[in-house]
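Here is the file start_38.txt (compact mmCIF, C-alpha atoms).
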# COMPACT_ATOMS: atom_id res chain seq x y z
CA MET A 1003 104.04 97.79 73.77
CA SER A 1004 103.38 101.44 74.68
CA ARG A 1005 106.06 103.94 75.62
CA VAL A 1006 105.44 105.91 78.82
CA LEU A 1007 107.33 108.90 80.17
CA ILE A 1008 107.16 109.32 83.97
CA SER A 1009 108.31 112.31 85.97
CA ALA A 1010 109.40 111.20 89.46
CA TYR A 1011 111.17 113.92 91.44
CA ALA A 1012 111.19 111.46 94.36
CA CYS A 1013 112.07 107.91 93.33
CA ALA A 1014 114.30 105.53 95.27
CA PRO A 1015 114.20 101.85 96.26
CA GLY A 1016 113.79 100.66 99.83
CA ARG A 1017 112.22 103.87 101.07
CA GLY A 1018 108.70 104.83 102.05
CA SER A 1019 106.50 107.83 101.32
CA GLU A 1020 107.06 109.69 98.01
CA PRO A 1021 110.34 107.95 97.02
CA GLY A 1022 108.69 104.58 97.59
CA VAL A 1023 105.65 105.57 95.55
CA GLY A 1024 107.92 106.66 92.71
CA TRP A 1025 110.04 103.52 92.65
CA ASN A 1026 107.34 100.90 93.17
CA SER A 1027 104.93 102.51 90.72
CA VAL A 1028 107.61 102.61 88.03
CA MET A 1029 108.44 98.94 88.59
CA GLN A 1030 104.77 97.99 88.29
CA VAL A 1031 104.23 100.00 85.09
CA ALA A 1032 107.34 98.38 83.57
CA ARG A 1033 105.66 94.98 83.79
CA VAL A 1034 103.69 95.98 80.69
CA HIS A 1035 105.12 99.16 79.17
CA GLU A 1036 108.47 100.56 78.14
CA VAL A 1037 109.18 103.31 80.65
CA TRP A 1038 111.45 106.35 80.69
CA VAL A 1039 111.78 108.02 84.10
CA LEU A 1040 112.86 111.62 84.65
CA LEU A 1041 114.38 112.11 88.10
CA PRO A 1042 116.85 114.49 89.75
CA GLU A 1043 120.57 113.87 89.95
CA ASN A 1044 120.51 113.36 93.71
CA GLU A 1045 118.60 110.07 93.27
CA ARG A 1046 121.30 108.58 91.01
CA ALA A 1047 123.39 106.77 93.64
CA ALA A 1048 120.45 104.89 95.19
CA VAL A 1049 118.92 103.98 91.84
CA GLU A 1050 122.14 102.78 90.21
CA LYS A 1051 123.04 100.70 93.25
CA ALA A 1052 119.64 98.99 93.07
CA ILE A 1053 119.72 98.21 89.36
CA ARG A 1054 123.23 96.75 89.63
CA THR A 1055 121.73 94.13 91.93
CA GLU A 1056 118.47 93.68 90.04
CA PRO A 1057 118.37 95.20 86.54
CA ALA A 1058 115.16 97.10 85.82
CA GLU A 1059 113.89 95.63 82.56
CA ARG A 1060 112.15 98.04 80.21
CA VAL A 1061 113.07 101.07 82.36
CA GLN A 1062 115.39 103.89 81.28
CA PHE A 1063 116.35 106.29 84.09
CA VAL A 1064 117.14 109.80 82.86
CA PHE A 1065 118.83 111.92 85.52
CA CYS A 1066 118.17 115.64 85.06
CA ASP A 1067 120.41 118.23 86.65
CA LEU A 1068 119.90 121.96 86.59
CA PRO A 1069 122.02 124.08 84.23
CA ARG A 1070 125.41 124.84 85.74
CA LEU A 1071 124.70 128.56 86.19
CA ILE A 1072 121.70 127.94 88.48
CA ARG A 1073 122.71 124.60 90.01
CA PHE A 1074 122.06 124.32 93.74
CA SER A 1075 121.00 121.72 96.30
CA ASN A 1076 117.40 121.05 97.33
CA GLN A 1077 118.50 120.37 100.90
CA ASN A 1078 118.58 122.41 104.13
CA THR A 1079 115.62 124.79 103.86
CA THR A 1080 112.03 124.77 102.68
CA VAL A 1081 112.70 127.75 100.41
CA ARG A 1082 115.69 126.05 98.72
CA PHE A 1083 113.63 122.90 98.22
CA ALA A 1084 110.73 124.84 96.66
CA LEU A 1085 113.05 126.78 94.33
CA HIS A 1086 114.90 123.64 93.28
CA TYR A 1087 111.66 121.79 92.59
CA TYR A 1088 110.27 124.61 90.45
CA ALA A 1089 113.51 125.05 88.48
CA TRP A 1090 113.84 121.30 88.03
CA GLN A 1091 110.36 121.06 86.49
CA LEU A 1092 111.40 123.57 83.83
CA GLN A 1093 114.55 121.59 83.07
CA ALA A 1094 112.61 118.32 83.04
CA TYR A 1095 110.28 119.71 80.38
CA ARG A 1096 113.24 120.61 78.16
CA VAL A 1097 114.59 117.07 78.48
CA ALA A 1098 111.12 115.57 77.97
CA ARG A 1099 110.66 117.42 74.69
CA ARG A 1100 113.93 116.02 73.35
CA LEU A 1101 113.05 112.50 74.48
CA HIS A 1102 109.57 112.69 72.97
CA ALA A 1103 110.96 113.88 69.64
CA ARG A 1104 113.29 110.87 69.63
CA TYR A 1105 111.09 108.07 71.02
CA GLY A 1106 107.48 109.22 70.50
CA PHE A 1107 105.80 108.49 73.82
CA ASP A 1108 102.16 107.39 74.04
CA LEU A 1109 101.51 108.74 77.56
CA VAL A 1110 103.16 111.07 80.06
CA HIS A 1111 102.65 110.78 83.81
CA HIS A 1112 103.67 113.22 86.56
CA LEU A 1113 104.00 110.80 89.50
CA THR A 1114 105.97 112.56 92.25
CA LEU A 1115 105.97 114.87 94.01
CA GLY A 1116 102.28 114.40 94.55
CA ALA A 1117 101.25 117.97 95.46
CA TYR A 1118 98.35 119.51 93.57
CA TRP A 1119 99.72 123.03 94.02
CA LYS A 1120 103.10 122.34 92.40
CA PRO A 1121 103.39 122.60 88.60
CA SER A 1122 104.57 120.20 85.94
CA LEU A 1123 105.01 121.31 82.33
CA LEU A 1124 104.88 117.78 80.94
CA GLY A 1125 101.22 118.31 80.18
CA LEU A 1126 102.36 120.53 77.30
CA LEU A 1127 103.53 117.47 75.38
CA PRO A 1128 101.01 116.53 72.66
CA ILE A 1129 100.03 113.23 74.32
CA PRO A 1130 97.66 112.24 77.17
CA PHE A 1131 98.85 113.61 80.53
CA LEU A 1132 98.16 111.86 83.85
CA PHE A 1133 98.64 114.02 86.96
CA GLY A 1134 98.97 112.37 90.36
CA PRO A 1135 98.23 110.86 92.83
CA LEU A 1136 98.02 114.29 94.45
CA GLY A 1137 97.55 115.57 97.97
CA GLY A 1138 97.92 118.86 99.79
CA GLY A 1139 94.34 120.12 99.57
CA GLU A 1140 93.56 118.99 103.11
CA CYS A 1141 93.00 121.83 105.57
CA LEU A 1142 92.53 122.20 109.30
CA PRO A 1143 88.86 121.47 110.05
CA ARG A 1144 86.91 124.60 110.87
CA GLY A 1145 86.89 125.42 114.58
CA PHE A 1146 90.02 123.43 115.47
CA GLY A 1147 92.36 126.43 115.25
CA ARG A 1148 91.40 127.65 118.72
CA PHE A 1149 92.49 124.29 120.08
CA LEU A 1150 96.06 124.72 118.80
CA PRO A 1151 99.04 126.46 120.40
CA TRP A 1152 99.76 129.88 118.92
CA ARG A 1153 102.66 128.56 116.85
CA GLY A 1154 100.36 125.93 115.39
CA ARG A 1155 97.78 128.57 114.49
CA LEU A 1156 100.38 130.67 112.73
CA PHE A 1157 101.61 127.60 110.85
CA GLU A 1158 98.11 126.77 109.66
CA ILE A 1159 97.44 130.36 108.57
CA ALA A 1160 100.72 130.43 106.62
CA ARG A 1161 100.03 127.00 105.10
CA MET A 1162 96.58 128.04 103.93
CA ALA A 1163 97.95 131.28 102.49
CA ALA A 1164 100.67 129.38 100.61
CA GLN A 1165 98.10 126.95 99.17
CA ARG A 1166 95.82 129.69 97.93
CA ALA A 1167 98.71 131.73 96.52
CA SER A 1168 100.01 128.67 94.67
CA GLU A 1169 96.58 128.15 93.12
CA LEU A 1170 97.01 131.56 91.46
CA ASP A 1171 100.23 130.41 89.77
CA PRO A 1172 99.50 130.26 86.02
CA LEU A 1173 101.71 127.16 85.65
CA VAL A 1174 99.79 125.31 88.38
CA ARG A 1175 96.47 126.15 86.75
CA LEU A 1176 97.83 125.15 83.35
CA THR A 1177 99.11 121.84 84.71
CA VAL A 1178 95.73 120.91 86.19
CA ARG A 1179 93.76 121.96 83.10
CA ARG A 1180 96.06 120.12 80.70
CA SER A 1181 95.63 116.83 82.57
CA ALA A 1182 93.47 114.18 80.92
CA LEU A 1183 93.02 112.74 84.41
CA ALA A 1184 94.00 114.11 87.82
CA ILE A 1185 94.26 111.50 90.56
CA SER A 1186 93.65 112.71 94.10
CA LYS A 1187 94.71 110.96 97.29
CA THR A 1188 91.82 112.51 99.23
CA VAL A 1189 88.35 113.94 98.78
CA GLU A 1190 89.58 117.34 99.97
CA THR A 1191 92.26 117.59 97.28
CA ARG A 1192 89.78 116.49 94.63
CA ARG A 1193 87.67 119.55 95.47
CA ARG A 1194 90.65 121.85 94.94
CA LEU A 1195 91.48 120.21 91.61
CA ARG A 1196 87.95 120.70 90.38
CA LEU A 1197 88.02 124.36 91.38
CA LEU A 1198 91.23 124.74 89.37
CA GLY A 1199 89.53 123.34 86.29
CA ALA A 1200 90.47 119.66 86.19
CA ARG A 1201 88.48 117.94 83.44
CA GLN A 1202 88.39 114.52 85.05
CA THR A 1203 89.28 113.53 88.62
CA LEU A 1204 89.49 110.34 90.63
CA VAL A 1205 90.11 109.66 94.34
CA LEU A 1206 92.67 106.89 94.78
CA SER A 1207 95.11 106.41 97.66
CA GLU A 1208 98.75 106.07 96.58
CA ALA A 1209 99.72 104.10 99.69
CA ALA A 1210 100.73 100.44 99.61
CA ILE A 1211 102.74 97.96 101.66
CA PRO A 1212 105.55 95.77 100.25
CA ALA A 1213 104.78 92.05 100.20
CA GLU A 1214 107.53 91.10 102.68
CA GLU A 1215 106.44 93.70 105.21
CA MET A 1216 102.79 92.76 104.79
CA ALA A 1217 103.58 89.10 105.52
CA TRP A 1218 105.50 90.09 108.67
CA LEU A 1219 102.69 92.32 109.92
CA GLU A 1220 100.08 89.68 109.17
CA SER A 1221 102.01 87.21 111.33
CA MET A 1222 101.35 89.26 114.47
CA PRO A 1223 98.89 87.36 116.68
CA ALA A 1224 95.82 88.88 118.26
CA ARG A 1225 96.62 90.34 121.68
CA LYS A 1226 94.99 89.04 124.85
CA SER A 1227 95.64 91.02 128.00
CA GLU A 1228 93.75 92.62 130.86
CA ILE A 1229 95.46 95.92 129.99
CA PHE A 1230 93.81 97.63 127.01
CA ARG A 1231 96.58 99.41 125.16
CA ILE A 1232 96.22 102.16 122.56
CA LEU A 1233 99.08 103.08 120.22
CA SER A 1234 99.93 106.13 118.11
CA LEU A 1235 102.93 106.34 115.76
CA GLY A 1236 104.14 109.51 114.09
CA ARG A 1237 105.93 112.80 114.53
CA LEU A 1238 104.61 114.80 117.45
CA LEU A 1239 103.34 117.82 115.53
CA HIS A 1240 100.32 119.97 116.28
CA TRP A 1241 98.45 118.93 113.13
CA LYS A 1242 98.82 115.23 113.91
CA GLY A 1243 96.08 115.75 116.50
CA PHE A 1244 97.64 113.76 119.32
CA GLU A 1245 96.35 116.22 121.90
CA LEU A 1246 92.84 115.24 120.85
CA SER A 1247 93.55 111.54 121.35
CA LEU A 1248 95.36 112.22 124.63
CA ARG A 1249 92.38 114.13 126.02
CA ALA A 1250 90.07 111.42 124.72
CA PHE A 1251 92.21 108.81 126.47
CA ALA A 1252 91.93 110.69 129.77
CA ARG A 1253 88.12 110.61 129.51
CA PHE A 1254 88.18 106.93 128.60
CA HIS A 1255 90.74 106.06 131.30
CA ALA A 1256 88.41 107.41 133.99
CA ASP A 1257 85.87 104.72 133.01
CA PHE A 1258 88.42 102.02 132.10
CA PRO A 1259 91.46 102.35 134.41
CA ALA A 1260 93.11 99.16 133.10
CA SER A 1261 94.34 100.99 130.02
CA GLU A 1262 97.49 102.58 128.62
CA TYR A 1263 98.34 104.95 125.79
CA TRP A 1264 101.68 104.58 124.00
CA LEU A 1265 103.03 107.29 121.71
CA ILE A 1266 106.01 106.48 119.47
CA GLY A 1267 107.70 109.40 117.79
CA ASP A 1268 109.17 112.76 118.68
CA GLY A 1269 108.72 116.35 117.69
CA PRO A 1270 108.09 119.91 118.88
CA SER A 1271 104.74 119.03 120.50
CA ARG A 1272 106.19 116.49 122.92
CA LYS A 1273 106.63 118.85 125.88
CA ARG A 1274 103.11 120.20 125.45
CA LEU A 1275 101.67 116.67 125.29
CA GLU A 1276 103.58 115.61 128.39
CA ALA A 1277 102.26 118.68 130.21
CA VAL A 1278 98.70 117.90 129.10
CA ALA A 1279 99.04 114.30 130.31
CA ALA A 1280 100.23 115.58 133.69
CA ALA A 1281 97.42 118.15 133.95
CA LEU A 1282 94.84 115.46 133.13
CA GLY A 1283 96.31 113.10 135.73
CA VAL A 1284 97.16 110.27 133.34
CA SER A 1285 100.95 110.53 133.18
CA GLN A 1286 101.36 107.12 134.80
CA SER A 1287 99.33 105.51 132.03
CA VAL A 1288 100.81 107.40 129.08
CA ARG A 1289 104.22 106.39 127.75
CA PHE A 1290 106.30 108.50 125.38
CA PHE A 1291 108.88 106.34 123.58
CA GLY A 1292 110.49 109.00 121.42
CA ASN A 1293 111.88 107.96 118.05
CA LEU A 1294 112.44 104.26 117.42
CA PRO A 1295 113.86 102.48 114.35
CA ARG A 1296 111.02 101.78 111.92
CA ARG A 1297 111.04 97.99 112.38
CA GLU A 1298 111.08 98.31 116.16
CA ALA A 1299 108.27 100.88 116.09
CA LEU A 1300 106.04 98.65 113.98
CA ALA A 1301 106.83 95.66 116.19
CA ARG A 1302 105.09 97.51 119.04
CA LEU A 1303 101.82 96.93 117.22
CA ALA A 1304 101.95 93.36 118.56
CA GLU A 1305 101.81 94.77 122.11
CA CYS A 1306 98.77 96.99 121.51
CA ASP A 1307 95.08 96.47 120.82
CA ILE A 1308 94.24 99.37 118.53
CA LEU A 1309 95.85 102.26 116.68
CA VAL A 1310 94.56 105.82 116.99
CA HIS A 1311 95.58 108.26 114.25
CA PRO A 1312 93.76 111.57 114.86
CA SER A 1313 95.55 113.61 112.19
CA LEU A 1314 93.77 116.86 111.27
CA HIS A 1315 95.06 116.99 107.68
CA ASP A 1316 97.10 114.13 106.29
CA SER A 1317 97.01 113.02 102.67
CA GLY A 1318 98.92 109.83 103.51
CA GLY A 1319 98.51 108.18 106.89
CA TRP A 1320 100.40 105.03 105.89
CA VAL A 1321 100.61 103.92 109.52
CA CYS A 1322 96.89 103.14 109.34
CA LEU A 1323 97.58 100.53 106.66
CA GLU A 1324 100.45 99.07 108.70
CA ALA A 1325 98.19 98.69 111.72
CA MET A 1326 95.43 97.19 109.57
CA ALA A 1327 97.87 94.65 108.11
CA ALA A 1328 98.75 93.68 111.68
CA GLY A 1329 95.06 93.08 112.40
CA ARG A 1330 94.63 96.12 114.63
CA PRO A 1331 91.46 98.20 114.30
CA VAL A 1332 92.08 101.88 113.54
CA VAL A 1333 90.39 104.85 115.16
CA CYS A 1334 90.87 108.02 113.12
CA LEU A 1335 89.23 111.26 112.09
CA ASP A 1336 87.18 110.97 108.93
CA VAL A 1337 89.39 113.36 106.98
CA GLY A 1338 92.31 113.10 104.55
CA GLY A 1339 94.09 109.88 103.67
CA PRO A 1340 92.95 107.86 106.71
CA GLY A 1341 89.36 108.69 105.80
CA VAL A 1342 89.93 106.96 102.44
CA GLN A 1343 91.94 103.98 103.71
CA VAL A 1344 89.80 103.03 106.72
CA ASP A 1345 86.17 101.98 106.35
CA ASP A 1346 83.44 100.95 108.79
CA ASP A 1347 84.47 97.29 108.54
CA THR A 1348 88.07 97.94 109.63
CA GLY A 1349 87.86 100.66 112.27
CA ILE A 1350 85.96 103.62 113.62
CA LYS A 1351 86.04 106.97 111.79
CA VAL A 1352 85.16 110.00 113.90
CA ARG A 1353 83.65 113.19 112.48
CA ALA A 1354 85.75 116.34 112.86
CA GLU A 1355 83.08 118.99 113.47
CA TRP A 1356 84.58 120.69 116.52
CA PRO A 1357 87.31 119.75 119.05
CA GLU A 1358 85.08 118.82 122.02
CA GLN A 1359 82.92 116.60 119.81
CA ALA A 1360 85.98 114.86 118.33
CA ILE A 1361 87.45 114.25 121.80
CA ARG A 1362 84.15 112.84 123.06
CA ASP A 1363 83.68 110.56 120.05
CA LEU A 1364 87.28 109.31 120.14
CA GLY A 1365 86.82 108.42 123.81
CA ASP A 1366 83.55 106.63 123.01
CA ALA A 1367 85.34 104.63 120.30
CA PHE A 1368 88.02 103.57 122.80
CA LEU A 1369 85.31 102.50 125.26
CA GLN A 1370 83.41 100.53 122.63
CA LEU A 1371 86.49 98.64 121.44
CA SER A 1372 87.88 97.99 124.93
CA GLY A 1373 84.66 96.29 126.00
CA ASP A 1374 84.18 94.11 122.95
CA PRO A 1375 87.10 91.81 122.05
CA LEU A 1376 84.96 90.06 119.44
CA LEU A 1377 84.43 93.39 117.67
CA ARG A 1378 88.18 94.03 117.73
CA GLU A 1379 88.79 90.59 116.27
CA ARG A 1380 86.20 91.10 113.52
CA LEU A 1381 87.53 94.54 112.59
CA GLY A 1382 91.11 93.30 112.66
CA ARG A 1383 90.33 90.36 110.40
CA ALA A 1384 88.55 92.61 107.91
CA ALA A 1385 91.44 95.11 108.09
CA ARG A 1386 93.95 92.46 107.03
CA ILE A 1387 91.76 91.46 104.09
CA ARG A 1388 91.27 95.08 102.99
CA VAL A 1389 95.01 95.78 102.98
CA ARG A 1390 95.81 92.58 101.13
CA GLU A 1391 93.13 93.18 98.49
CA MET A 1392 93.51 96.93 98.01
CA PHE A 1393 96.87 98.18 99.29
CA SER A 1394 99.62 95.92 97.93
CA TRP A 1395 101.96 97.25 95.24
CA GLU A 1396 100.71 94.61 92.83
CA VAL A 1397 97.14 95.88 93.28
CA LYS A 1398 98.31 99.48 92.91
CA GLY A 1399 100.07 98.46 89.72
CA ARG A 1400 96.87 96.97 88.29
CA GLN A 1401 94.94 100.12 89.20
CA LEU A 1402 97.51 102.35 87.54
CA LEU A 1403 97.69 100.22 84.41
CA SER A 1404 93.91 100.28 84.18
CA LEU A 1405 94.00 104.09 84.21
CA TYR A 1406 96.71 104.05 81.55
CA SER A 1407 94.53 101.86 79.35
CA GLN A 1408 91.75 104.46 79.54
CA LEU A 1409 94.09 107.19 78.33
CA LEU A 1410 95.91 105.28 75.61
CA PRO A 1411 94.45 105.03 72.09
CA ALA A 1412 91.75 102.36 71.96
CA GLU A 1413 93.68 99.78 69.94
CA GLN A 1414 96.76 100.06 72.20
CA ALA A 1415 94.67 99.94 75.38
CA GLY A 1416 92.95 96.73 74.33
CA HIS A 1417 96.27 95.09 73.54
CA GLU A 1418 97.83 96.18 76.83
CA ARG A 1419 94.86 94.97 78.90
CA GLY A 1420 95.10 91.56 77.28
CA LEU A 1421 98.86 91.42 77.77
CA PHE A 1422 98.57 92.33 81.44
CA ARG A 1423 95.83 89.77 82.08
CA GLY A 1424 97.97 87.13 80.46
CA ARG A 1425 100.95 87.99 82.60
CA ALA A 1426 98.85 88.15 85.77
CA ASN A 1427 97.20 84.78 85.08
CA ALA A 1428 100.60 83.22 84.42
CA GLY A 1429 101.92 84.59 87.72
CA SER A 1430 104.75 86.40 86.00
CA GLY A 1431 106.00 89.98 86.44
CA ARG A 1432 108.46 91.75 88.67
CA GLY A 1433 108.52 91.30 92.42
CA GLN A 1434 107.13 93.83 94.89

Rewrite the coordinates I just gave you, this time as C-alpha cells.
Amino acid sequence: MSRVLISAYACAPGRGSEPGVGWNSVMQVARVHEVWVLLPENERAAVEKAIRTEPAERVQFVFCDLPRLIRFSNQNTTVRFALHYYAWQLQAYRVARRLHARYGFDLVHHLTLGAYWKPSLLGLLPIPFLFGPLGGGECLPRGFGRFLPWRGRLFEIARMAAQRASELDPLVRLTVRRSALAISKTVETRRRLRLLGARQTLVLSEAAIPAEEMAWLESMPARKSEIFRILSLGRLLHWKGFELSLRAFARFHADFPASEYWLIGDGPSRKRLEAVAAALGVSQSVRFFGNLPRREALARLAECDILVHPSLHDSGGWVCLEAMAAGRPVVCLDVGGPGVQVDDDTGIKVRAEWPEQAIRDLGDAFLQLSGDPLLRERLGRAARIRVREMFSWEVKGRQLLSLYSQLLPAEQAGHERGLFRGRANAGSGRGQ
C-alpha cells in the first residue's frame, strides 16, 4: 500500500466547489492508499465533526496553522486571503518535510486550491509531484470587452494583469516545472501551464455529483408544456454572460412568444439585466428569482426545458452537470469548464468569436430546441448517461487513482491497479 501526501487548502464534507473536491477526492484515494492530508486550521471543526460520525479509514488529517507571529485570518478581503494562502503554503512545506522524513511518502499531490497561478512548494520533495486539477487560465474572449459595463472592463483588465504578474512569480514557475503531471480543468489553462514549462499536462474536469444528489436529479421527469422555459442559475456577475443569453432570449421570444426565461441568483449585475430586459420589451417573460436555497434552486430544473450557461470564463460550471443529470439539454459557450463537460450529444455549444455572433447563435439554439421535443429528449437522455458515466465521485476516484499509478514506481503501480480492480469488482470501498 502506497503512502500519499495531499495538500488540500480547501477540504470539507458536505460542501461543493473546492472544499467538496478536496474532501471527496481524499475519500476516493483512501480506498486504495494510505493518505496524509495537509489542510488549514479553519477546516478542523467541519472535518472532525464528520469523522466522529464516520471515521475516515487510512486518512490522517494534519492541520497546519501559521506561526504565532504572523497568524491571521484568511477571511474578509481578497488581499488577506491571498496573503494567508501564500504564507500557508510555506508553512505546509515545512510540515511536509517533517512528515516525509518520518513516513517516506511515495507521491505528493497538490489538490486544492486549484489555481495554476498559485504556488505550492511540495514539488520540492524528492518524490513524484502531481499538480491539480487547475483552473484560472480562462480569459475573456477577444472582442467581448466592449460589451461589458465599465466596471466589468476594469475588472477584466485587473484580472488579466494579476494572472500575468503571477506567472512571473519564481515560486509559481518552479511549482509548474517540478510537477511530474499538471492536470488542467480546461483547455485554456492547459495552454498557460505549457507556457510556464509544464513537462506533462492533461485536461480533466474536477467536477462531480454525489450519488444521492444524482439519483434525485435523475428522478425529475421530462417536462411537457406549451410554454418553453429556459433557466439560468448562478451569481449575476458580468463575466457569467447572462446579458448575452438575455439578448438572445429577446430575439428568440420574438419568433416564439410562448416562452419564458428564469434567472435564479443575485449579484451586482441584476439591475443592469432588469434594465436590459425592460429595454428589449421582454420583462413580462423574464423572471428574476434572486437567491434561493440550493435544493430549491435545483428543484426548478423540473419546471424548465433547458439550461443556458453563457459564462465567458469559468473553469467549473458545475450547474451544467446538475442540469444534465436532470435530463435537461445545456446551451453554453464553447469555452472553459462547460466546454469540457458538455458535448454535442448532450447540448449545444456556441462559439465565442464576437458578442453579436454569440447572441445570434444562442438564440438559434433556443429556437432549434423549442421546436424539437424529440431532440430535447434525446439530448437529455444522453446527458444523464454522460454524467453517470463520467462525473460521479466514484468515476473521478478511478481517474485519479489511474494517474497515481502512472506516477508511482512500476512495481507499486501494478500492485495498486490490481488491488483497486479487486475492490471495484467486489463492490467494496467507501461511499460517495

Exercise. Within 10 Å of Ser1221 (chain A), counting all atoms listed in the file, which residues qualify if same-chain residues fewer than 3 places away don't, as a VMD selection string?
Worked result: chain A and resid 1215 to 1218 1224 1304 1327 to 1329

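Nearest to Asp1108 (chain A) of all the residues A:Phe1131, A:Phe1157, A:Trp1356, A:Tyr1095 is A:Phe1131, counting all atoms listed in the file.
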
For this session: Go through A:Lys1273, A:Lys1398, A:Arg1005, A:Arg1383 and flag the residue nearest Ile1211 (chain A), using only C-alpha atoms for the distances.
Result: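 Selected residue with least distance to Ile1211 (chain A): A:Lys1398.
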
Problem set entry | Long-range neighbours of region 1255-1268 of chain A as a list of chain:residue names, 6 Å cut-off, only C-alpha atoms, 3 positions minimum in chain | A:Ile1229, A:Phe1230, A:Arg1231, A:Ile1232, A:Leu1233, A:Ser1234, A:Leu1235, A:Gly1236, A:Arg1237, A:Leu1238, A:Phe1251, A:Ala1252, A:Ser1287, A:Val1288, A:Arg1289, A:Phe1290, A:Phe1291, A:Gly1292, A:Asn1293

Residue neighbourhood region 1338-1343 of chain A, 6 Å, only C-alpha atoms, exclusion window fewer than 4 positions, as a PDB file with C-alpha atoms, in the coordinates of the input:
ATOM      1  CA  THR A1188      91.820 112.510  99.230  1.00  0.00           C
ATOM      2  CA  HIS A1315      95.060 116.990 107.680  1.00  0.00           C
ATOM      3  CA  ASP A1316      97.100 114.130 106.290  1.00  0.00           C
ATOM      4  CA  SER A1317      97.010 113.020 102.670  1.00  0.00           C
ATOM      5  CA  GLY A1318      98.920 109.830 103.510  1.00  0.00           C
ATOM      6  CA  GLY A1319      98.510 108.180 106.890  1.00  0.00           C
TER       7      GLY A1319
END

Please, what is the axis-aligned box for every listed atom of region 1050-1069 of chain A with 8 Å on each side, as centre and edge lengths in Å to one decimal, as lines of an AutoDock Vina configuration file?
center_x = 117.7
center_y = 108.9
center_z = 86.7
size_x = 27.1
size_y = 46.4
size_z = 29.0

Exercise. What gap, in Å, lies between CA of Asp1346 (chain A) and CA of Ala1367 (chain A)?
Worked result: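 CA of Ala1367 (chain A) lies 12.2 Å from CA of Asp1346 (chain A).
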
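Between CA of Ala1354 (chain A) and CA of Cys1306 (chain A) the interatomic distance comes to 24.9 Å.
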
For this session: Kindly give the distance, in Å, that separates CA of Thr1191 (chain A) and CA of Leu1126 (chain A), rounded to a single decimal.
Result: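 Straight-line distance from CA of Thr1191 (chain A) to CA of Leu1126 (chain A) works out to 22.6 Å.
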
For this session: Excluding Glu1043 (chain A) and residues on its chain fewer than 6 positions from it, collect all residues at most 7 Å away from it, counting all atoms listed in the file, and give them as JSON, numbers by chain.
Result: {"A": [1065, 1066, 1067]}

Those selected residues, please, written with C-alpha atoms and delivered as a tab-separated table (two decimals), in the frame of the given file.
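Below is the file result36.tsv, written as the result:
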chain	number	residue	atom	x	y	z
A	1065	PHE	CA	118.83	111.92	85.52
A	1066	CYS	CA	118.17	115.64	85.06
A	1067	ASP	CA	120.41	118.23	86.65

For this session: Could you check which of A:Val1352, A:Met1029, A:Leu1405, A:Val1034 is closest to Pro1057 (chain A), using only C-alpha atoms?
Result: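 Closest residue, counting only C-alpha atoms: A:Met1029.
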
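Closest to Arg1096 (chain A) among A:Glu1140, A:Glu1396, A:Leu1040, A:Leu1314 is A:Leu1040, based on all atoms listed in the file.
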
For this session: Please identify all polymer residues within 10 Å of Val1332 (chain A), counting only C-alpha atoms, omitting same-chain residues fewer than 4 positions from it, and present them as a ChimeraX atom specification.
Result: /A:1232-1233,1307-1312,1321-1323,1325-1326,1340,1344-1346,1348-1351,1367,1378,1381-1382,1385

Exercise. Looking at A:Leu1402, A:Val1006, A:Leu1085, A:Leu1176, which one is nearest to Glu1208 (chain A), with distances taken over all atoms listed in the file?
Worked result: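 Looking at the shortest contact to Glu1208 (chain A), the residue is A:Leu1402.
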
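Using all atoms listed in the file, the shortest contact distance between Leu1248 (chain A) and any of A:Lys1051, A:Lys1120, A:Arg1362, A:Arg1194 is found at A:Arg1362.
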
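Environment of (101.3, 100.8, 82.9): residues at most 8 Å away, judged by only C-alpha atoms, are Val1006, Gln1030, Val1031, Ala1032, Arg1033, Val1034, His1035, Gly1399, Arg1400, Leu1402, Leu1403, Ser1404, Tyr1406 and Ser1407 of chain A.
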